[in-house]
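The next block is input_32.cif, given as mmCIF, C-alpha atoms.
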```
data_target
loop_
_atom_site.label_atom_id
_atom_site.label_comp_id
_atom_site.auth_asym_id
_atom_site.auth_seq_id
_atom_site.Cartn_x
_atom_site.Cartn_y
_atom_site.Cartn_z
CA MET A 1 57.78 23.83 -13.20
CA GLU A 2 60.69 24.51 -15.52
CA SER A 3 62.58 27.78 -15.45
CA GLY A 4 63.14 30.03 -18.45
CA ALA A 5 66.61 28.55 -18.96
CA ALA A 6 65.22 25.05 -18.87
CA THR A 7 62.57 26.02 -21.40
CA ARG A 8 65.16 27.36 -23.74
CA SER A 9 67.40 24.33 -23.28
CA SER A 10 64.47 22.03 -24.00
CA LYS A 11 64.65 23.21 -27.59
CA THR A 12 68.15 21.76 -27.95
CA ARG A 13 69.25 18.17 -27.96
CA ALA A 14 71.52 16.48 -25.46
CA LYS A 15 74.45 14.32 -26.37
CA GLY A 16 73.47 10.94 -27.72
CA GLY A 17 70.44 12.39 -29.58
CA GLN A 18 67.98 12.43 -26.55
CA SER A 19 65.45 15.31 -26.41
CA LEU A 20 65.36 17.46 -23.29
CA ASN A 21 61.57 17.60 -23.73
CA LYS A 22 61.51 14.47 -21.61
CA GLN A 23 61.28 15.16 -17.90
CA ARG A 24 64.66 15.07 -16.15
CA THR A 25 66.60 16.88 -13.42
CA SER A 26 69.80 18.72 -14.30
CA ARG A 27 72.80 19.10 -12.13
CA THR A 28 71.61 22.60 -11.08
CA GLY A 29 68.32 21.18 -9.71
CA THR A 30 66.17 22.53 -12.58
CA THR A 31 63.43 20.12 -13.75
CA ALA A 32 62.66 19.82 -17.45
CA VAL A 33 59.03 18.97 -18.24
CA ASP A 34 57.45 17.55 -21.37
CA THR A 35 55.74 20.35 -23.30
CA ALA A 36 52.77 18.08 -24.07
CA ALA A 37 52.25 17.45 -20.33
CA LEU A 38 52.28 21.19 -19.70
CA ASN A 39 49.73 21.69 -22.44
CA ARG A 40 47.48 19.02 -20.91
CA LEU A 41 47.82 20.71 -17.49
CA LEU A 42 46.99 24.10 -19.00
CA ALA A 43 43.91 22.72 -20.74
CA ALA A 44 42.75 21.11 -17.50
CA LEU A 45 43.26 24.37 -15.57
CA VAL A 46 41.29 26.28 -18.19
CA SER A 47 38.44 23.78 -17.85
CA MET A 48 38.49 24.17 -14.06
CA ARG A 49 38.52 27.94 -14.38
CA ASP A 50 35.45 27.71 -16.61
CA GLY A 51 33.58 25.54 -14.11
CA ASN A 52 34.22 22.09 -15.57
CA PHE A 53 35.37 20.01 -12.60
CA ARG A 54 35.15 16.66 -14.42
CA LYS A 55 38.42 17.09 -16.29
CA ARG A 56 41.16 14.79 -14.97
CA LEU A 57 44.86 14.32 -15.67
CA THR A 58 46.52 10.94 -16.15
CA VAL A 59 48.88 10.10 -13.31
CA SER A 60 51.87 8.09 -14.53
CA GLY A 61 55.43 7.69 -13.35
CA ASP A 62 57.06 9.12 -10.27
CA GLY A 63 58.08 12.59 -11.46
CA VAL A 64 56.87 16.00 -10.44
CA MET A 65 54.25 16.06 -13.21
CA SER A 66 52.68 12.94 -11.74
CA GLU A 67 52.45 14.66 -8.37
CA ILE A 68 50.99 17.77 -9.98
CA ALA A 69 48.41 15.66 -11.85
CA ALA A 70 47.41 13.84 -8.66
CA VAL A 71 46.98 17.10 -6.72
CA PHE A 72 45.04 18.64 -9.60
CA ASN A 73 42.70 15.65 -9.64
CA GLU A 74 42.15 15.96 -5.88
CA VAL A 75 41.31 19.65 -6.22
CA ALA A 76 38.87 18.84 -9.02
CA ASP A 77 37.30 16.07 -6.90
CA ARG A 78 36.76 18.43 -3.98
CA ASN A 79 35.31 21.14 -6.21
CA LEU A 80 33.00 18.58 -7.78
CA HIS A 81 31.97 17.28 -4.36
CA LEU A 82 31.19 20.79 -3.07
CA THR A 83 29.14 21.82 -6.12
CA GLY A 84 27.37 18.46 -6.16
CA GLU A 85 26.41 18.77 -2.49
CA LEU A 86 25.17 22.32 -3.02
CA SER A 87 22.99 21.20 -5.93
CA ARG A 88 21.68 18.18 -4.00
CA VAL A 89 20.77 20.14 -0.87
CA ARG A 90 19.23 22.90 -2.95
CA ARG A 91 16.98 20.33 -4.64
CA VAL A 92 16.13 18.35 -1.50
CA VAL A 93 15.51 21.37 0.74
CA GLY A 94 14.24 23.93 -1.77
CA ARG A 95 12.07 21.72 -3.97
CA GLU A 96 11.28 18.59 -1.97
CA GLY A 97 10.80 20.48 1.29
CA LYS A 98 13.02 18.18 3.42
CA LEU A 99 14.30 20.84 5.79
CA THR A 100 16.64 18.54 7.75
CA GLU A 101 18.96 17.78 4.81
CA ARG A 102 22.52 19.17 4.96
CA LEU A 103 25.76 19.04 2.95
CA GLU A 104 28.09 16.13 3.68
CA VAL A 105 31.67 17.10 4.46
CA GLY A 106 33.35 14.12 2.79
CA ALA A 107 37.15 14.04 2.47
CA CYS A 108 37.56 17.76 3.03
CA GLU A 109 39.49 19.82 5.51
CA GLY A 110 40.59 23.38 6.03
CA SER A 111 38.76 25.94 3.93
CA TRP A 112 36.93 23.17 2.05
CA ALA A 113 35.33 21.97 5.28
CA ALA A 114 34.78 25.58 6.35
CA ALA A 115 32.89 26.28 3.12
CA ILE A 116 30.62 23.29 3.70
CA ASP A 117 30.06 24.29 7.34
CA ALA A 118 29.19 27.83 6.22
CA SER A 119 26.74 26.47 3.65
CA ASN A 120 25.09 24.27 6.28
CA ALA A 121 24.90 27.23 8.66
CA LEU A 122 23.22 29.26 5.90
CA VAL A 123 20.65 26.51 5.35
CA ASP A 124 20.07 26.35 9.13
CA ASP A 125 19.50 30.11 9.30
CA LEU A 126 17.05 29.96 6.39
CA VAL A 127 15.20 26.86 7.56
CA ARG A 128 14.79 27.76 11.24
CA PRO A 129 12.38 30.72 10.73
CA VAL A 130 10.37 28.66 8.23
CA SER A 131 10.08 25.84 10.76
CA GLU A 132 9.01 28.30 13.46
CA VAL A 133 6.33 29.80 11.22
CA GLY A 134 5.06 26.31 10.43
CA ARG A 135 4.99 25.36 14.11
CA VAL A 136 3.01 28.45 15.16
CA LEU A 137 0.53 28.26 12.26
CA SER A 138 -0.04 24.55 12.91
CA ALA A 139 -0.87 25.40 16.52
CA VAL A 140 -3.27 28.15 15.39
CA ALA A 141 -4.98 25.73 12.99
CA GLU A 142 -5.56 23.39 15.96
CA GLY A 143 -7.00 26.20 18.09
CA ASP A 144 -3.89 26.77 20.23
CA LEU A 145 -3.37 30.54 20.41
CA GLN A 146 -0.67 30.38 23.09
CA GLN A 147 2.25 29.70 20.76
CA ARG A 148 4.54 32.48 19.54
CA MET A 149 7.43 32.54 17.09
CA GLU A 150 10.88 32.83 18.65
CA LEU A 151 12.55 36.08 17.60
CA ARG A 152 15.99 34.71 18.43
CA SER A 153 17.72 32.13 16.28
CA GLN A 154 18.81 29.17 18.40
CA GLY A 155 22.11 27.49 17.58
CA PRO A 156 22.77 23.75 17.83
CA GLU A 157 24.64 24.17 21.11
CA GLY A 158 22.19 26.56 22.74
CA GLY A 159 23.69 29.80 21.43
CA GLY A 160 22.09 32.03 18.87
CA HIS A 161 21.46 35.57 17.75
CA PRO A 162 18.40 37.83 17.39
CA LEU A 163 16.50 37.68 14.12
CA ARG A 164 17.09 40.65 11.85
CA GLY A 165 15.78 42.07 8.58
CA GLU A 166 13.07 40.16 6.76
CA PHE A 167 13.25 37.28 9.25
CA LEU A 168 12.43 39.65 12.12
CA LYS A 169 9.61 41.22 10.07
CA VAL A 170 8.07 37.81 9.39
CA GLY A 171 8.40 36.82 13.06
CA ARG A 172 6.69 39.98 14.30
CA THR A 173 3.95 39.66 11.69
CA VAL A 174 3.18 36.08 12.72
CA ASN A 175 3.16 36.99 16.42
CA ASN A 176 0.91 40.01 15.79
CA LEU A 177 -1.46 37.76 13.86
CA VAL A 178 -1.68 35.31 16.76
CA ASP A 179 -2.10 38.17 19.25
CA GLN A 180 -5.00 39.62 17.27
CA LEU A 181 -6.63 36.22 16.93
CA SER A 182 -6.25 35.60 20.65
CA THR A 183 -7.64 39.02 21.61
CA PHE A 184 -10.55 38.73 19.19
CA THR A 185 -11.38 35.22 20.40
CA ASP A 186 -11.24 36.29 24.04
CA GLU A 187 -13.57 39.23 23.42
CA VAL A 188 -16.08 37.23 21.39
CA THR A 189 -16.09 34.52 24.06
CA ARG A 190 -16.64 37.13 26.78
CA VAL A 191 -19.53 38.83 24.97
CA ALA A 192 -21.17 35.50 24.13
CA SER A 193 -20.86 34.38 27.75
CA GLU A 194 -22.25 37.63 29.16
CA VAL A 195 -25.17 37.85 26.74
CA GLY A 196 -25.99 34.21 26.18
CA THR A 197 -25.14 32.58 29.52
CA GLU A 198 -25.15 35.28 32.20
CA GLY A 199 -27.96 37.31 30.64
CA LYS A 200 -25.99 40.56 30.82
CA LEU A 201 -27.31 42.45 27.83
CA GLY A 202 -25.43 45.28 26.20
CA GLY A 203 -22.01 43.62 26.11
CA GLN A 204 -19.65 44.80 23.37
CA ALA A 205 -16.31 43.43 22.15
CA ARG A 206 -13.50 45.94 22.66
CA VAL A 207 -10.47 45.25 20.51
CA ARG A 208 -7.90 47.98 19.86
CA GLY A 209 -5.82 48.40 16.75
CA MET A 210 -8.06 46.29 14.51
CA SER A 211 -8.42 47.09 10.82
CA GLY A 212 -9.68 45.45 7.66
CA SER A 213 -11.48 42.15 8.09
CA TRP A 214 -10.62 42.03 11.80
CA LYS A 215 -12.51 45.28 12.36
CA ASP A 216 -15.40 44.00 10.21
CA LEU A 217 -15.64 40.84 12.33
CA THR A 218 -15.57 42.84 15.56
CA ASP A 219 -18.23 45.22 14.26
CA SER A 220 -20.40 42.26 13.19
CA VAL A 221 -20.19 40.68 16.65
CA ASN A 222 -21.01 44.00 18.32
CA THR A 223 -23.92 44.63 15.92
CA MET A 224 -25.31 41.18 16.64
CA ALA A 225 -25.04 41.72 20.39
CA TYR A 226 -26.59 45.20 20.12
CA ARG A 227 -29.57 44.04 18.06
CA LEU A 228 -30.18 41.01 20.26
CA THR A 229 -30.06 43.26 23.30
CA ALA A 230 -32.49 45.76 21.76
CA GLN A 231 -34.93 43.00 20.79
CA VAL A 232 -34.89 41.26 24.15
CA ARG A 233 -35.16 44.52 26.08
CA ASP A 234 -38.13 45.73 24.02
CA ILE A 235 -39.96 42.44 24.58
CA ALA A 236 -39.07 42.58 28.27
CA LEU A 237 -40.42 46.14 28.57
CA VAL A 238 -43.74 45.14 26.98
CA THR A 239 -44.20 42.01 29.11
CA THR A 240 -43.27 43.99 32.23
CA ALA A 241 -45.85 46.63 31.34
CA VAL A 242 -48.47 43.90 30.81
CA ALA A 243 -47.61 42.41 34.19
CA LYS A 244 -48.28 45.85 35.73
CA GLY A 245 -51.58 46.21 33.92
CA ASP A 246 -50.40 48.53 31.14
CA LEU A 247 -51.83 47.08 27.93
CA SER A 248 -51.03 50.08 25.76
CA ARG A 249 -47.46 49.10 24.88
CA LYS A 250 -46.35 47.08 21.87
CA VAL A 251 -43.06 45.58 20.67
CA THR A 252 -41.78 48.05 18.06
CA VAL A 253 -38.18 46.99 17.48
CA HIS A 254 -37.31 45.98 13.91
CA VAL A 255 -36.77 42.21 13.76
CA ALA A 256 -36.91 39.31 11.30
CA GLY A 257 -37.18 35.54 11.29
CA GLU A 258 -38.11 33.83 14.54
CA MET A 259 -37.74 37.07 16.45
CA LEU A 260 -40.44 38.55 14.19
CA GLU A 261 -42.70 35.62 15.06
CA LEU A 262 -42.06 36.25 18.74
CA LYS A 263 -42.76 39.96 18.29
CA ASN A 264 -46.07 39.23 16.54
CA THR A 265 -47.01 36.69 19.21
CA VAL A 266 -46.38 39.16 22.03
CA ASN A 267 -48.28 41.96 20.27
CA THR A 268 -51.20 39.62 19.51
CA MET A 269 -51.24 38.58 23.16
CA VAL A 270 -51.33 42.23 24.23
CA ASP A 271 -54.16 42.94 21.77
CA GLN A 272 -56.16 39.98 23.05
CA LEU A 273 -55.55 40.93 26.67
CA SER A 274 -56.57 44.49 25.88
CA SER A 275 -59.77 43.33 24.15
CA PHE A 276 -60.57 40.94 26.97
CA SER A 277 -59.92 43.62 29.56
CA SER A 278 -62.14 46.11 27.69
CA GLU A 279 -64.94 43.58 27.43
CA VAL A 280 -64.73 42.62 31.10
CA THR A 281 -64.73 46.29 32.06
CA ARG A 282 -67.72 47.00 29.82
CA VAL A 283 -69.77 44.08 31.14
CA ALA A 284 -68.89 44.90 34.73
CA ARG A 285 -69.97 48.50 34.20
CA GLU A 286 -73.22 47.60 32.49
CA VAL A 287 -74.19 44.96 35.04
CA GLY A 288 -72.77 46.38 38.18
CA THR A 289 -73.18 50.10 37.58
CA GLU A 290 -75.91 50.58 35.03
CA GLY A 291 -77.90 47.51 36.05
CA GLU A 292 -78.20 46.12 32.56
CA LEU A 293 -78.41 42.38 33.13
#
```

Target encoding structure tokens, full file:
Amino acid sequence: MESGAATRSSKTRAKGGQSLNKQRTSRTGTTAVDTAALNRLLAALVSMRDGNFRKRLTVSGDGVMSEIAAVFNEVADRNLHLTGELSRVRRVVGREGKLTERLEVGACEGSWAAAIDASNALVDDLVRPVSEVGRVLSAVAEGDLQQRMELRSQGPEGGGHPLRGEFLKVGRTVNNLVDQLSTFTDEVTRVASEVGTEGKLGGQARVRGMSGSWKDLTDSVNTMAYRLTAQVRDIALVTTAVAKGDLSRKVTVHVAGEMLELKNTVNTMVDQLSSFSSEVTRVAREVGTEGEL
């Protein structure tokens, strides 16, 4: 860049009629620069400041302005590369859902490369919990309730750090969901096995901390088991009484559907047995005791 003295001297003319606006080096080492070139550089810097990284300077000659133009163009190229990569990855990852896409470093080094590495690390940190949630929910959809979401972010080389903030909240919520599903499934399976297979009536699902629809499901299973137990036990009591000669008992439990048909069948059987028993008793008394043949 020219000094203040060089700027002032550029307004004068050298011997022989040549303008000092043309770039040259004086005996004191001060470089004079063409005012038009400075104006072009200023306009390009303003464009870069305002976010326009497509502005380029023409590189011509071997002077300092040519070097400045070349360096400016390189800075603009690297800014354009960085913003372009950010836009591309944002579109590919955020909209197209390709979670493995990352920024390409390109011809960058130093803080440029560090900025790209930091951006890739940010994408990794955002994508990893999403991938974990997808993995666990896919396992749940396939009936695998053994999977849990990792609450520690794993780095590419085995390192990592614990999840924090919203990521930790999501991880705990997913794991609690799987835990509740697993507990509920275990209890329903146990009650169904005890009642339906082993014949142990009266089984109830015991699940702590349930609320909302989970509690409604648990209550429905327990209600079903309770009513089935009450129906079977009432029928068993009546048939046991019949086997012991007590024909005065009837199935009284409230039922519907096929269980109602079974209830009516048992009660009809008891009525018929009672009538038959009464008739046999009457005939035996009349013939055997009263002698009425």

Next item on the list: Determine the residue membership of the PyMOL selection byres ((chain A and resi 250) around 12) for the file above and supply it as a list in words.
Entry: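 In the shown coordinates, the PyMOL selection byres ((chain A and resi 250) around 12) covers Asp234, Ile235, Ala236, Leu237, Val238, Thr239, Thr240, Ala241, Val242, Asp246, Leu247, Ser248, Arg249, Val251, Thr252, Val253, Lys263, Asn264, Thr265, Val266, Asn267, Thr268, Met269, Val270, Asp271 and Ser274 of chain A.
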
Check: So what does the PyMOL selection byres ((chain A and resi 103-115) around 7) actually pick up in this one, as a list in words?
Finding: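 Selection result, ordered by chain and number: Glu85, Leu86, Val89, Arg102, Ile116, Asp117, Ala118, Ser119 and Asn120 of chain A.
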
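The nearest approach to Gly84 (chain A) among the residues A:Arg128, A:Lys98, A:His254, A:Arg54, with only C-alpha atoms taken into account, belongs to A:Arg54.
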
Checklist line | A:Gln180, A:Gln272, A:Asn39, A:Gln147 ranked by distance to Lys215 (chain A), top pick (using all atoms listed in the file) | finding: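 Among the listed residues, A:Gln180 lies closest to Lys215 (chain A).
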
Check: Suppose you want the space between CA of Thr100 (chain A) and CA of Leu168 (chain A); what is it in Å?
Finding: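 Computing it gives 22.0 Å between the two atoms.
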
Find the spatial neighbours of Glu132 (chain A), counting all atoms listed in the file, within a cut-off of 12 Å - ignore same-chain residues fewer than 6 positions away - and output them as a PDB file with C-alpha atoms, keeping the file's coordinate frame.
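Ended up saving to part-v1.pdb:
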```
ATOM      1  CA  LEU A  99      14.300  20.840   5.790  1.00  0.00           C
ATOM      2  CA  ASP A 125      19.500  30.110   9.300  1.00  0.00           C
ATOM      3  CA  LEU A 126      17.050  29.960   6.390  1.00  0.00           C
ATOM      4  CA  SER A 138      -0.040  24.550  12.910  1.00  0.00           C
ATOM      5  CA  ALA A 139      -0.870  25.400  16.520  1.00  0.00           C
ATOM      6  CA  GLN A 147       2.250  29.700  20.760  1.00  0.00           C
ATOM      7  CA  ARG A 148       4.540  32.480  19.540  1.00  0.00           C
ATOM      8  CA  MET A 149       7.430  32.540  17.090  1.00  0.00           C
ATOM      9  CA  GLU A 150      10.880  32.830  18.650  1.00  0.00           C
ATOM     10  CA  LEU A 151      12.550  36.080  17.600  1.00  0.00           C
ATOM     11  CA  ARG A 152      15.990  34.710  18.430  1.00  0.00           C
ATOM     12  CA  SER A 153      17.720  32.130  16.280  1.00  0.00           C
ATOM     13  CA  GLN A 154      18.810  29.170  18.400  1.00  0.00           C
ATOM     14  CA  PHE A 167      13.250  37.280   9.250  1.00  0.00           C
ATOM     15  CA  LEU A 168      12.430  39.650  12.120  1.00  0.00           C
ATOM     16  CA  VAL A 170       8.070  37.810   9.390  1.00  0.00           C
ATOM     17  CA  GLY A 171       8.400  36.820  13.060  1.00  0.00           C
ATOM     18  CA  ARG A 172       6.690  39.980  14.300  1.00  0.00           C
ATOM     19  CA  VAL A 174       3.180  36.080  12.720  1.00  0.00           C
ATOM     20  CA  ASN A 175       3.160  36.990  16.420  1.00  0.00           C
TER      21      ASN A 175
END
```

Next item on the list: Would you mind reading off the distance between CA of Thr189 (chain A) and CA of Arg233 (chain A), one decimal, in Å?
Entry: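 Pair CA of Thr189 (chain A) / CA of Arg233 (chain A) returns 21.6 Å.
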
List as an mmCIF file with C-alpha atoms, keeping the file's coordinate frame the protein and nucleic acid residues near Ala141 (chain A), meaning an atom at most 12 Å away when all atoms listed in the file are counted, but skip any in the same chain fewer than 6 places from it.
```cif
data_model
loop_
_atom_site.group_PDB
_atom_site.id
_atom_site.type_symbol
_atom_site.label_atom_id
_atom_site.label_comp_id
_atom_site.auth_asym_id
_atom_site.auth_seq_id
_atom_site.Cartn_x
_atom_site.Cartn_y
_atom_site.Cartn_z
ATOM 1 C CA GLY A 134 5.060 26.310 10.430
ATOM 2 C CA ARG A 135 4.990 25.360 14.110
ATOM 3 C CA GLN A 147 2.250 29.700 20.760
ATOM 4 C CA VAL A 178 -1.680 35.310 16.760
ATOM 5 C CA LEU A 181 -6.630 36.220 16.930
#
```
